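Colleague: My questions will all concern the structure given below.
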Amino acid sequence: MNALKAPGRMPMEKDLQSSPLAVRISDIDLGQGPFCMSFQFDLAMLKASIRRFGLLNPPYLIKDSSFTVVAGYRRLLAAMELGWTHVQCRILPGDLLPLDALLFNLYDNLTARRFNPVEKGMVLKRLTRYLTKQEILHNYMPMLELPSNMYTLKQYLSLEDLDVPIKVSVVTGRLSMKVIEMMNSLSKEDQQQINQLFTSLKWSLNLQRQVILWITEIADREGRSVQEVIDDDRISHVVTNGNMSGPQKIKAIERALREWRFPTMVESERAFTKGILDLRLPSQVRVIPPPFFEGTDYKLEIVFREGKELREMVARLYRTAGLEGIPRFWRTKSNG
């Protein structure tokens with residue numbers, strides 16, 4: 001076998017030797033050990049291959065108090081599920097440096113598959129035990145198809161500390177990396193509640209970011225936990241409503257949280273909308289209030305095709321009673 005040579009590292013002084021050995025699977029530690037970089041995988045195709053052709057590539061182990069898996073973790077699990085009791089393995093030298101063992105498995109995986117986000121986090125977390133962050137940024141982030149910056153490195157390192165259900169949500173695309181970043185400051189219990197809310201319905205990733213922001217702001221403002229906000233009747237009754245479809249529930253939850261987070265603004269919007277409707281303006285005319293109803297400048301939008309149509313529209317607006325109330329009808333109501 002050729003010497004291991006990682007970017008920016010000196011090659012080993014001699015070829016890496018290994019010896020064959022038939023190992024009883026029960027003697028192998030099949031926990032996610034220090035060199036493991038596998039999460040949320042399907043063994044069906046691998047089992048089908050092993051069942052038909054046998055184990056084409058042997059697992060590599062290190063012998064300590066028990067056998068530790070260096071490479072071939074999935075192959076061992078597949079063989080065990082097929083009922084195998086022994087597997088022909090290759091035993092690596094006991095004095096192999098942990099970093100070299102980790103890189104051995106990394107290169108073995110890179111030649112056969114692509115990593116999911118959680119697996120990339122596993123690789124980076126394990127590399128931090130032996131290398132500086134600058135070495136990881138320069139040499140290994142590109143190998144994982146990640147931008148070489150501290151922000152991305154920090155994002156992926158944080159994945160290792162998440163509970164398994166949340167990791168699964170990341171792998172399946174139900175939670176975005178941006179949402180995970182927002183969840184990192186929450187307690188484990190609150191993270192679980194957010195994950196349950198976002199995986200029980202099919203939220204867009206952009207809406208997830210907005211909703212989690214509103215939930216945490218409400219919790220901070222009212223001295224509640226995230227769980228207490230989600231368990232509030234305004235939200236829980238929507239989630240458990242059997243007469244609403246998924247998209248209807250999402251819209252209702254978004255509306256409830258928005259009203260809860262911005263009660264004055266929502267009340268102003270309603271009063272403004274009612275006041276405009278009462279004016280019975282032409283359908284081609286739209287009055288646009290200042291953003292968030294903060295400020296004094298309004299905009300008037302008129303859609304027309306010809307100058308004559310515009311003249312008629314302006315004349316009709318001139319004759320419309322009640323225009324002078326536009327800056328006041330919503331303020332009077334919301335402040336009353």
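Residue numbering restarts at 1 in every chain; chains get A, B, ... in the order shown in the structure tokens, and ligands count up from 1 in that same order.
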Could you make a table, as CSV, of the residues of segment 8-73 of chain A that have an atom within 12 Å of an atom of segment 156-180 of chain A, each with its nearest atom pair and distance in Å to one decimal, counting only C-alpha atoms, in chain and number order?
Modeller:
residue,atom,partner,partner_atom,distance
A:Met37,CA,A:Glu160,CA,10.9
A:Ser38,CA,A:Val171,CA,11.6
A:Phe39,CA,A:Val168,CA,8.5
A:Gln40,CA,A:Val168,CA,6.8
A:Phe41,CA,A:Val171,CA,9.8
Colleague: Take the residues that were just selected and, keeping C-alpha atoms, output them as a PDB file, in the first residue's frame.
Modeller:
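And here is the file that came out, part_13.pdb:
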ATOM      1  CA  MET A  37     -17.512   9.676   9.417  1.00  0.00           C
ATOM      2  CA  SER A  38     -20.837   8.028   8.555  1.00  0.00           C
ATOM      3  CA  PHE A  39     -24.329   9.218   9.450  1.00  0.00           C
ATOM      4  CA  GLN A  40     -27.845   8.530   8.140  1.00  0.00           C
ATOM      5  CA  PHE A  41     -27.099   5.981   5.455  1.00  0.00           C
TER       6      PHE A  41
END
Colleague: Sorted by chain and rising residue number, which residues of segment 124-213 of chain A lie within 10 Å of segment 88-100 of chain A, and what are their closest atom pairs and distances in Å to one decimal, counting only C-alpha atoms, as a tab-separated table?
Modeller:
residue	atom	partner	partner_atom	distance
A:Arg126	CA	A:Leu99	CA	8.8
A:Leu127	CA	A:Leu99	CA	7.6
A:Arg129	CA	A:Leu99	CA	8.5
A:Tyr130	CA	A:Leu99	CA	6.4
A:Leu131	CA	A:Leu99	CA	8.7
Colleague: Could you give me, as an NGL selection string, each residue of segment 69-267 of chain A that DSSP assigns to strand (DSSP E) when run on this structure's backbone?
Modeller: :A and (69-71 or 86-92)
Colleague: Name the closest residue to Met122 of chain A among the candidates A:Leu153, A:Leu323, A:Cys36, A:Val285; distances are taken between atoms, counting only C-alpha atoms.
Modeller: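 For Met122 of chain A, the nearest of the given residues is A:Cys36.
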Colleague: So that I can see what lies close to segment 191-199 of chain A, please list as a PyMOL selection string the residues with an atom at most 10 Å from it, counting only C-alpha atoms and leaving out residues fewer than 2 positions away in the same chain.
Modeller: chain A and resi 162-163+165-167+169-170+173-175+179-180+182-189+201-205+207-208+211-212+215+226-231+235-236+239+250
Colleague: Give me, as a PyMOL selection string, all polymer residues having an atom no more than 12 Å from segment 45-48 of chain A, counting only C-alpha atoms and skipping those fewer than 6 positions away in the same chain.
Modeller: chain A and resi 54-57+72-84
Colleague: Using only C-alpha atoms, which residues sit within 12 Å of Ile136 of chain A once same-chain residues fewer than 5 positions away are excluded, as number ranges by chain?
Modeller: A: 6-9, 123-131, 141-144, 146-150, 152-154, 157
